[in-house]
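*Asks:* Just so it is clear, I am handing over my_file04.pdb, which has PDB, C-alpha atoms, pLDDT in the B column.
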```pdb
ATOM      1  CA  MET A  14     -66.017-101.393  27.866  1.00 51.00           C
ATOM      2  CA  PRO A  15     -69.481-101.928  28.650  1.00 63.00           C
ATOM      3  CA  LEU A  16     -72.058-101.074  26.060  1.00 70.00           C
ATOM      4  CA  ASN A  17     -69.371-100.319  23.594  1.00 76.00           C
ATOM      5  CA  ILE A  18     -68.696 -96.805  24.940  1.00 78.00           C
ATOM      6  CA  ASP A  19     -65.268 -95.383  24.215  1.00 83.00           C
ATOM      7  CA  TRP A  20     -64.652 -92.485  26.568  1.00 84.00           C
ATOM      8  CA  GLN A  21     -61.775 -91.251  24.537  1.00 88.00           C
ATOM      9  CA  GLN A  22     -63.984 -90.925  21.459  1.00 88.00           C
ATOM     10  CA  ILE A  23     -66.613 -89.044  23.447  1.00 89.00           C
ATOM     11  CA  LEU A  24     -64.008 -86.656  24.817  1.00 92.00           C
ATOM     12  CA  LEU A  25     -62.571 -86.079  21.350  1.00 93.00           C
ATOM     13  CA  HIS A  26     -66.082 -85.380  20.003  1.00 92.00           C
ATOM     14  CA  LEU A  27     -66.678 -82.976  22.883  1.00 94.00           C
ATOM     15  CA  LEU A  28     -63.345 -81.268  22.194  1.00 95.00           C
ATOM     16  CA  ASN A  29     -64.191 -81.098  18.501  1.00 95.00           C
ATOM     17  CA  PHE A  30     -67.625 -79.630  19.317  1.00 95.00           C
ATOM     18  CA  ALA A  31     -66.047 -77.066  21.661  1.00 95.00           C
ATOM     19  CA  ILE A  32     -63.560 -76.038  18.975  1.00 94.00           C
ATOM     20  CA  LEU A  33     -66.411 -75.800  16.420  1.00 93.00           C
ATOM     21  CA  ALA A  34     -68.600 -73.815  18.816  1.00 92.00           C
ATOM     22  CA  GLY A  35     -65.716 -71.482  19.744  1.00 89.00           C
ATOM     23  CA  GLY A  36     -64.801 -70.989  16.087  1.00 88.00           C
ATOM     24  CA  LEU A  37     -68.406 -70.322  15.127  1.00 87.00           C
ATOM     25  CA  TYR A  38     -68.696 -67.915  18.065  1.00 87.00           C
ATOM     26  CA  PHE A  39     -65.620 -65.920  17.023  1.00 87.00           C
ATOM     27  CA  LEU A  40     -66.220 -66.219  13.256  1.00 87.00           C
ATOM     28  CA  LEU A  41     -69.989 -65.757  13.030  1.00 86.00           C
ATOM     29  CA  TYR A  42     -71.812 -64.915  16.268  1.00 87.00           C
ATOM     30  CA  LYS A  43     -69.521 -62.207  17.650  1.00 87.00           C
ATOM     31  CA  PRO A  44     -69.107 -60.278  14.314  1.00 87.00           C
ATOM     32  CA  VAL A  45     -72.849 -60.503  13.616  1.00 89.00           C
ATOM     33  CA  LYS A  46     -73.656 -59.423  17.176  1.00 91.00           C
ATOM     34  CA  ASP A  47     -71.160 -56.515  16.934  1.00 92.00           C
ATOM     35  CA  PHE A  48     -72.586 -55.542  13.544  1.00 93.00           C
ATOM     36  CA  MET A  49     -76.129 -55.653  14.935  1.00 94.00           C
ATOM     37  CA  GLY A  50     -75.062 -53.582  17.962  1.00 95.00           C
ATOM     38  CA  LYS A  51     -73.420 -50.979  15.738  1.00 96.00           C
ATOM     39  CA  ARG A  52     -76.453 -50.959  13.476  1.00 95.00           C
ATOM     40  CA  GLU A  53     -78.767 -50.516  16.489  1.00 95.00           C
ATOM     41  CA  GLN A  54     -76.570 -47.680  17.785  1.00 96.00           C
ATOM     42  CA  GLN A  55     -76.644 -46.045  14.327  1.00 96.00           C
ATOM     43  CA  TYR A  56     -80.445 -46.252  14.242  1.00 95.00           C
ATOM     44  CA  ARG A  57     -80.660 -44.799  17.759  1.00 96.00           C
ATOM     45  CA  GLU A  58     -78.404 -41.912  16.713  1.00 96.00           C
ATOM     46  CA  MET A  59     -80.466 -41.365  13.560  1.00 96.00           C
ATOM     47  CA  ASP A  60     -83.656 -41.408  15.628  1.00 96.00           C
ATOM     48  CA  GLU A  61     -82.158 -38.965  18.128  1.00 96.00           C
ATOM     49  CA  GLN A  62     -80.942 -36.717  15.299  1.00 96.00           C
ATOM     50  CA  ALA A  63     -84.409 -36.840  13.715  1.00 96.00           C
ATOM     51  CA  ARG A  64     -85.954 -35.829  17.042  1.00 96.00           C
ATOM     52  CA  ARG A  65     -83.504 -32.948  17.433  1.00 96.00           C
ATOM     53  CA  ASP A  66     -84.144 -31.865  13.831  1.00 95.00           C
ATOM     54  CA  ARG A  67     -87.902 -32.087  14.382  1.00 96.00           C
ATOM     55  CA  ASP A  68     -87.644 -30.027  17.598  1.00 95.00           C
ATOM     56  CA  GLU A  69     -85.391 -27.507  15.858  1.00 95.00           C
ATOM     57  CA  ALA A  70     -87.798 -27.302  12.907  1.00 95.00           C
ATOM     58  CA  ALA A  71     -90.702 -26.770  15.307  1.00 95.00           C
ATOM     59  CA  ALA A  72     -88.767 -23.999  17.068  1.00 95.00           C
ATOM     60  CA  LEU A  73     -87.875 -22.417  13.715  1.00 95.00           C
ATOM     61  CA  ARG A  74     -91.484 -22.700  12.554  1.00 95.00           C
ATOM     62  CA  LYS A  75     -92.654 -21.065  15.791  1.00 95.00           C
ATOM     63  CA  SER A  76     -90.051 -18.305  15.444  1.00 95.00           C
ATOM     64  CA  ALA A  77     -90.986 -17.755  11.796  1.00 95.00           C
ATOM     65  CA  GLN A  78     -94.676 -17.614  12.727  1.00 95.00           C
ATOM     66  CA  GLU A  79     -93.944 -15.066  15.455  1.00 95.00           C
ATOM     67  CA  ARG A  80     -91.929 -12.942  13.016  1.00 95.00           C
ATOM     68  CA  LEU A  81     -94.700 -13.266  10.443  1.00 95.00           C
ATOM     69  CA  ASP A  82     -97.293 -12.186  13.022  1.00 95.00           C
ATOM     70  CA  ALA A  83     -95.084  -9.261  14.057  1.00 95.00           C
ATOM     71  CA  ALA A  84     -94.592  -8.283  10.412  1.00 95.00           C
ATOM     72  CA  GLN A  85     -98.344  -8.454   9.783  1.00 95.00           C
ATOM     73  CA  GLU A  86     -98.978  -6.294  12.847  1.00 95.00           C
ATOM     74  CA  GLU A  87     -96.358  -3.818  11.649  1.00 95.00           C
ATOM     75  CA  ILE A  88     -97.926  -3.786   8.184  1.00 95.00           C
ATOM     76  CA  ALA A  89    -101.348  -3.133   9.721  1.00 94.00           C
ATOM     77  CA  GLN A  90     -99.932  -0.256  11.778  1.00 95.00           C
ATOM     78  CA  MET A  91     -98.171   1.138   8.707  1.00 95.00           C
ATOM     79  CA  ARG A  92    -101.444   0.936   6.754  1.00 94.00           C
ATOM     80  CA  ILE A  93    -103.250   2.812   9.526  1.00 94.00           C
ATOM     81  CA  LYS A  94    -100.472   5.406   9.660  1.00 94.00           C
ATOM     82  CA  ALA A  95    -100.468   5.755   5.866  1.00 94.00           C
ATOM     83  CA  GLY A  96    -104.258   6.162   5.903  1.00 93.00           C
ATOM     84  CA  ASP A  97    -103.988   8.848   8.569  1.00 93.00           C
ATOM     85  CA  GLU A  98    -101.229  10.608   6.621  1.00 93.00           C
ATOM     86  CA  MET A  99    -103.284  10.410   3.428  1.00 94.00           C
ATOM     87  CA  GLU A 100    -106.297  11.845   5.259  1.00 93.00           C
ATOM     88  CA  ALA A 101    -104.158  14.666   6.675  1.00 93.00           C
ATOM     89  CA  ASP A 102    -102.687  15.334   3.219  1.00 93.00           C
ATOM     90  CA  LYS A 103    -106.183  15.309   1.731  1.00 93.00           C
ATOM     91  CA  GLN A 104    -107.425  17.787   4.329  1.00 94.00           C
ATOM     92  CA  GLN A 105    -104.378  19.989   3.760  1.00 94.00           C
ATOM     93  CA  MET A 106    -104.890  19.879  -0.011  1.00 94.00           C
ATOM     94  CA  ILE A 107    -108.569  20.764   0.421  1.00 94.00           C
ATOM     95  CA  ALA A 108    -107.650  23.673   2.710  1.00 94.00           C
ATOM     96  CA  GLU A 109    -105.029  24.873   0.234  1.00 94.00           C
ATOM     97  CA  ALA A 110    -107.516  24.554  -2.629  1.00 94.00           C
ATOM     98  CA  ARG A 111    -110.101  26.546  -0.692  1.00 94.00           C
ATOM     99  CA  ALA A 112    -107.535  29.224   0.158  1.00 93.00           C
ATOM    100  CA  GLU A 113    -106.484  29.362  -3.496  1.00 93.00           C
ATOM    101  CA  ALA A 114    -110.144  29.600  -4.545  1.00 93.00           C
ATOM    102  CA  ARG A 115    -110.693  32.458  -2.084  1.00 93.00           C
ATOM    103  CA  ARG A 116    -107.577  34.202  -3.345  1.00 94.00           C
ATOM    104  CA  ILE A 117    -108.711  33.737  -6.956  1.00 93.00           C
ATOM    105  CA  LEU A 118    -112.201  35.021  -6.110  1.00 92.00           C
ATOM    106  CA  ASP A 119    -110.743  38.007  -4.252  1.00 92.00           C
ATOM    107  CA  THR A 120    -108.453  38.760  -7.149  1.00 93.00           C
ATOM    108  CA  ALA A 121    -111.312  38.326  -9.617  1.00 91.00           C
ATOM    109  CA  GLY A 122    -113.553  40.591  -7.512  1.00 90.00           C
ATOM    110  CA  LYS A 123    -110.855  43.262  -7.298  1.00 91.00           C
ATOM    111  CA  THR A 124    -110.179  42.961 -11.016  1.00 92.00           C
ATOM    112  CA  ALA A 125    -113.919  43.192 -11.765  1.00 90.00           C
ATOM    113  CA  ASP A 126    -114.226  46.268  -9.506  1.00 90.00           C
ATOM    114  CA  GLN A 127    -111.241  47.885 -11.200  1.00 91.00           C
ATOM    115  CA  ARG A 128    -112.667  47.119 -14.636  1.00 90.00           C
ATOM    116  CA  ALA A 129    -116.091  48.431 -13.593  1.00 90.00           C
ATOM    117  CA  ARG A 130    -114.510  51.656 -12.238  1.00 90.00           C
ATOM    118  CA  LYS A 131    -112.426  51.981 -15.388  1.00 91.00           C
ATOM    119  CA  ALA A 132    -115.481  51.335 -17.571  1.00 90.00           C
ATOM    120  CA  LEU A 133    -117.452  53.924 -15.571  1.00 90.00           C
ATOM    121  CA  ALA A 134    -114.587  56.407 -15.803  1.00 90.00           C
ATOM    122  CA  ASP A 135    -114.264  55.712 -19.535  1.00 89.00           C
ATOM    123  CA  SER A 136    -118.030  56.100 -19.943  1.00 89.00           C
ATOM    124  CA  ASN A 137    -117.959  59.388 -17.994  1.00 87.00           C
ATOM    125  CA  ASP A 138    -115.068  60.621 -20.131  1.00 86.00           C
ATOM    126  CA  GLU A 139    -116.859  59.606 -23.314  1.00 86.00           C
ATOM    127  CA  ILE A 140    -120.140  61.228 -22.178  1.00 87.00           C
ATOM    128  CA  ARG A 141    -118.233  64.395 -21.223  1.00 86.00           C
ATOM    129  CA  ASP A 142    -116.467  64.381 -24.590  1.00 85.00           C
ATOM    130  CA  LEU A 143    -119.765  63.840 -26.406  1.00 84.00           C
ATOM    131  CA  ALA A 144    -121.422  66.562 -24.352  1.00 83.00           C
ATOM    132  CA  LEU A 145    -118.564  68.962 -25.079  1.00 83.00           C
ATOM    133  CA  GLU A 146    -118.715  68.083 -28.744  1.00 82.00           C
ATOM    134  CA  ALA A 147    -122.473  68.608 -28.771  1.00 80.00           C
ATOM    135  CA  VAL A 148    -122.098  71.945 -26.975  1.00 75.00           C
ATOM    136  CA  ARG A 149    -119.338  72.994 -29.378  1.00 78.00           C
ATOM    137  CA  LYS A 150    -121.510  72.147 -32.393  1.00 78.00           C
ATOM    138  CA  MET A 151    -124.471  73.954 -30.935  1.00 72.00           C
ATOM    139  CA  LEU A 152    -122.374  76.975 -30.159  1.00 72.00           C
ATOM    140  CA  LEU A 153    -120.955  77.049 -33.618  1.00 75.00           C
ATOM    141  CA  ASN A 154    -124.396  76.714 -35.199  1.00 74.00           C
ATOM    142  CA  ASP A 155    -126.387  78.927 -32.883  1.00 68.00           C
ATOM    143  CA  GLU A 156    -125.001  81.746 -30.811  1.00 66.00           C
ATOM    144  CA  ASP A 157    -128.006  81.907 -28.505  1.00 70.00           C
ATOM    145  CA  ALA A 158    -127.655  78.193 -27.831  1.00 67.00           C
ATOM    146  CA  LEU A 159    -125.241  78.790 -24.942  1.00 67.00           C
ATOM    147  CA  ASP A 160    -127.774  80.912 -23.155  1.00 72.00           C
ATOM    148  CA  LYS A 161    -130.512  78.344 -23.787  1.00 73.00           C
ATOM    149  CA  PHE A 162    -128.215  75.601 -22.543  1.00 69.00           C
ATOM    150  CA  LEU A 163    -127.308  77.462 -19.396  1.00 73.00           C
ATOM    151  CA  ASP A 164    -130.951  78.287 -18.719  1.00 77.00           C
ATOM    152  CA  ALA A 165    -131.900  74.648 -19.237  1.00 76.00           C
ATOM    153  CA  ALA A 166    -129.056  73.507 -16.954  1.00 73.00           C
ATOM    154  CA  GLU A 167    -130.137  75.913 -14.226  1.00 78.00           C
ATOM    155  CA  GLY A 168    -133.743  74.810 -14.630  1.00 75.00           C
ATOM    156  CA  GLY A 169    -132.754  71.097 -14.369  1.00 63.00           C
ATOM    157  CA  GLN A 170    -130.876  71.661 -11.127  1.00 59.00           C
ATOM    158  CA  GLY A 171    -133.808  73.394  -9.576  1.00 49.00           C
ATOM    159  CA  ASN A 172    -136.106  70.457 -10.456  1.00 47.00           C
ATOM    160  CA  GLY A 173    -133.703  67.693  -9.198  1.00 42.00           C
TER     161      GLY A 173
END
```
Mind turning the file's structure into structure tokens?

*Replies:*
Amino acid sequence: MPLNIDWQQILLHLLNFAILAGGLYFLLYKPVKDFMGKREQQYREMDEQARRDRDEAAALRKSAQERLDAAQEEIAQMRIKAGDEMEADKQQMIAEARAEARRILDTAGKTADQRARKALADSNDEIRDLALEAVRKMLLNDEDALDKFLDAAEGGQGNG
């Protein structure tokens, strides 16, 4: 054996190293590598799920914004319609109030005319009654008074 080299010892050390390397590979490297691969896959899935959730949220946000815009447009149209209806109701109420005022004025005018006619008729009746009473008293007091009255009445008609 030159240089004190024992080939059997070297081969045993190589076999021992191969067993150690194979054991370490199966006991440490492969499980750690599998764990890291699973972990990487899990993170990829989480990232993909986050992207899908973000896209879905963006679509929902867009849909909600469109519905909100549509609702605001509908509210604006309803406000315009309500304003138009209120204006129409206001005009109708004004027209009804004017018609009622005209009716009240017509009724008041007719009532005033009736009262004026009645007052005139009552005044005429009262004047006639007073005139009759005056004539009666004159006739009772003076017998020539009727002739004087008739002469005065005939003289008044001729002057008028």

*Asks:* Rounded to one decimal, what separation in Å do you get between atom CA of A:Leu152 and atom CA of A:Ala166?

*Replies:*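 If I compute the distance from atom CA of A:Leu152 to atom CA of A:Ala166, I get 15.2 Å.
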
*Asks:* Please report the interatomic distance between atom CA of A:Tyr42 and atom CA of A:Phe30 in Å with one decimal.

*Replies:*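 Distance reported for this atom pair: 15.6 Å.
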
*Asks:* Expressed in Å to a single decimal, how great is the separation between atom CA of A:Leu163 and atom CA of A:Arg141?

*Replies:*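 A separation of 16.0 Å between them.
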
*Asks:* What would stretch 119-153 of chain A look like with N, CA and C atoms in place, written as a JSON list (two decimals), in the frame of the given file?

*Replies:*
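Wrote result_28.json, looks like this:
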```
[["chain", "number", "residue", "atom", "x", "y", "z"],
["A", 119, "ASP", "N", -111.08, 36.65, -4.67],
["A", 119, "ASP", "CA", -110.74, 38.01, -4.25],
["A", 119, "ASP", "C", -110.08, 38.77, -5.38],
["A", 120, "THR", "N", -109.15, 38.12, -6.03],
["A", 120, "THR", "CA", -108.45, 38.76, -7.15],
["A", 120, "THR", "C", -109.43, 39.07, -8.27],
["A", 121, "ALA", "N", -110.33, 38.11, -8.56],
["A", 121, "ALA", "CA", -111.31, 38.33, -9.62],
["A", 121, "ALA", "C", -112.26, 39.47, -9.25],
["A", 122, "GLY", "N", -112.67, 39.51, -7.95],
["A", 122, "GLY", "CA", -113.55, 40.59, -7.51],
["A", 122, "GLY", "C", -112.87, 41.95, -7.63],
["A", 123, "LYS", "N", -111.59, 42.00, -7.20],
["A", 123, "LYS", "CA", -110.86, 43.26, -7.30],
["A", 123, "LYS", "C", -110.68, 43.66, -8.76],
["A", 124, "THR", "N", -110.35, 42.67, -9.59],
["A", 124, "THR", "CA", -110.18, 42.96, -11.02],
["A", 124, "THR", "C", -111.49, 43.43, -11.62],
["A", 125, "ALA", "N", -112.61, 42.79, -11.24],
["A", 125, "ALA", "CA", -113.92, 43.19, -11.76],
["A", 125, "ALA", "C", -114.26, 44.61, -11.29],
["A", 126, "ASP", "N", -113.97, 44.91, -10.01],
["A", 126, "ASP", "CA", -114.23, 46.27, -9.51],
["A", 126, "ASP", "C", -113.39, 47.30, -10.26],
["A", 127, "GLN", "N", -112.11, 46.96, -10.46],
["A", 127, "GLN", "CA", -111.24, 47.88, -11.20],
["A", 127, "GLN", "C", -111.75, 48.09, -12.62],
["A", 128, "ARG", "N", -112.16, 46.99, -13.26],
["A", 128, "ARG", "CA", -112.67, 47.12, -14.64],
["A", 128, "ARG", "C", -113.97, 47.92, -14.67],
["A", 129, "ALA", "N", -114.82, 47.70, -13.63],
["A", 129, "ALA", "CA", -116.09, 48.43, -13.59],
["A", 129, "ALA", "C", -115.81, 49.92, -13.40],
["A", 130, "ARG", "N", -114.87, 50.25, -12.45],
["A", 130, "ARG", "CA", -114.51, 51.66, -12.24],
["A", 130, "ARG", "C", -113.93, 52.27, -13.50],
["A", 131, "LYS", "N", -113.04, 51.47, -14.16],
["A", 131, "LYS", "CA", -112.43, 51.98, -15.39],
["A", 131, "LYS", "C", -113.48, 52.18, -16.48],
["A", 132, "ALA", "N", -114.43, 51.20, -16.58],
["A", 132, "ALA", "CA", -115.48, 51.34, -17.57],
["A", 132, "ALA", "C", -116.35, 52.55, -17.26],
["A", 133, "LEU", "N", -116.66, 52.77, -15.97],
["A", 133, "LEU", "CA", -117.45, 53.92, -15.57],
["A", 133, "LEU", "C", -116.71, 55.21, -15.88],
["A", 134, "ALA", "N", -115.38, 55.21, -15.53],
["A", 134, "ALA", "CA", -114.59, 56.41, -15.80],
["A", 134, "ALA", "C", -114.52, 56.65, -17.30],
["A", 135, "ASP", "N", -114.31, 55.56, -18.07],
["A", 135, "ASP", "CA", -114.26, 55.71, -19.54],
["A", 135, "ASP", "C", -115.60, 56.20, -20.07],
["A", 136, "SER", "N", -116.69, 55.66, -19.51],
["A", 136, "SER", "CA", -118.03, 56.10, -19.94],
["A", 136, "SER", "C", -118.24, 57.58, -19.62],
["A", 137, "ASN", "N", -117.83, 57.98, -18.38],
["A", 137, "ASN", "CA", -117.96, 59.39, -17.99],
["A", 137, "ASN", "C", -117.14, 60.28, -18.93],
["A", 138, "ASP", "N", -115.91, 59.83, -19.21],
["A", 138, "ASP", "CA", -115.07, 60.62, -20.13],
["A", 138, "ASP", "C", -115.72, 60.72, -21.50],
["A", 139, "GLU", "N", -116.26, 59.61, -21.98],
["A", 139, "GLU", "CA", -116.86, 59.61, -23.31],
["A", 139, "GLU", "C", -118.11, 60.48, -23.34],
["A", 140, "ILE", "N", -118.93, 60.39, -22.25],
["A", 140, "ILE", "CA", -120.14, 61.23, -22.18],
["A", 140, "ILE", "C", -119.74, 62.70, -22.12],
["A", 141, "ARG", "N", -118.71, 63.01, -21.31],
["A", 141, "ARG", "CA", -118.23, 64.40, -21.22],
["A", 141, "ARG", "C", -117.75, 64.88, -22.60],
["A", 142, "ASP", "N", -116.97, 63.99, -23.27],
["A", 142, "ASP", "CA", -116.47, 64.38, -24.59],
["A", 142, "ASP", "C", -117.62, 64.59, -25.57],
["A", 143, "LEU", "N", -118.62, 63.69, -25.51],
["A", 143, "LEU", "CA", -119.76, 63.84, -26.41],
["A", 143, "LEU", "C", -120.56, 65.11, -26.08],
["A", 144, "ALA", "N", -120.69, 65.36, -24.76],
["A", 144, "ALA", "CA", -121.42, 66.56, -24.35],
["A", 144, "ALA", "C", -120.67, 67.81, -24.80],
["A", 145, "LEU", "N", -119.35, 67.80, -24.63],
["A", 145, "LEU", "CA", -118.56, 68.96, -25.08],
["A", 145, "LEU", "C", -118.67, 69.15, -26.58],
["A", 146, "GLU", "N", -118.62, 68.01, -27.28],
["A", 146, "GLU", "CA", -118.72, 68.08, -28.74],
["A", 146, "GLU", "C", -120.09, 68.61, -29.16],
["A", 147, "ALA", "N", -121.12, 68.15, -28.45],
["A", 147, "ALA", "CA", -122.47, 68.61, -28.77],
["A", 147, "ALA", "C", -122.61, 70.10, -28.48],
["A", 148, "VAL", "N", -122.03, 70.53, -27.34],
["A", 148, "VAL", "CA", -122.10, 71.94, -26.98],
["A", 148, "VAL", "C", -121.32, 72.77, -28.01],
["A", 149, "ARG", "N", -120.16, 72.28, -28.41],
["A", 149, "ARG", "CA", -119.34, 72.99, -29.38],
["A", 149, "ARG", "C", -120.11, 73.16, -30.69],
["A", 150, "LYS", "N", -120.77, 72.07, -31.13],
["A", 150, "LYS", "CA", -121.51, 72.15, -32.39],
["A", 150, "LYS", "C", -122.70, 73.10, -32.27],
["A", 151, "MET", "N", -123.33, 73.06, -31.10],
["A", 151, "MET", "CA", -124.47, 73.95, -30.94],
["A", 151, "MET", "C", -124.00, 75.40, -30.91],
["A", 152, "LEU", "N", -122.87, 75.61, -30.26],
["A", 152, "LEU", "CA", -122.37, 76.97, -30.16],
["A", 152, "LEU", "C", -121.95, 77.49, -31.53],
["A", 153, "LEU", "N", -121.38, 76.64, -32.29],
["A", 153, "LEU", "CA", -120.96, 77.05, -33.62],
["A", 153, "LEU", "C", -122.16, 77.32, -34.51]]
```
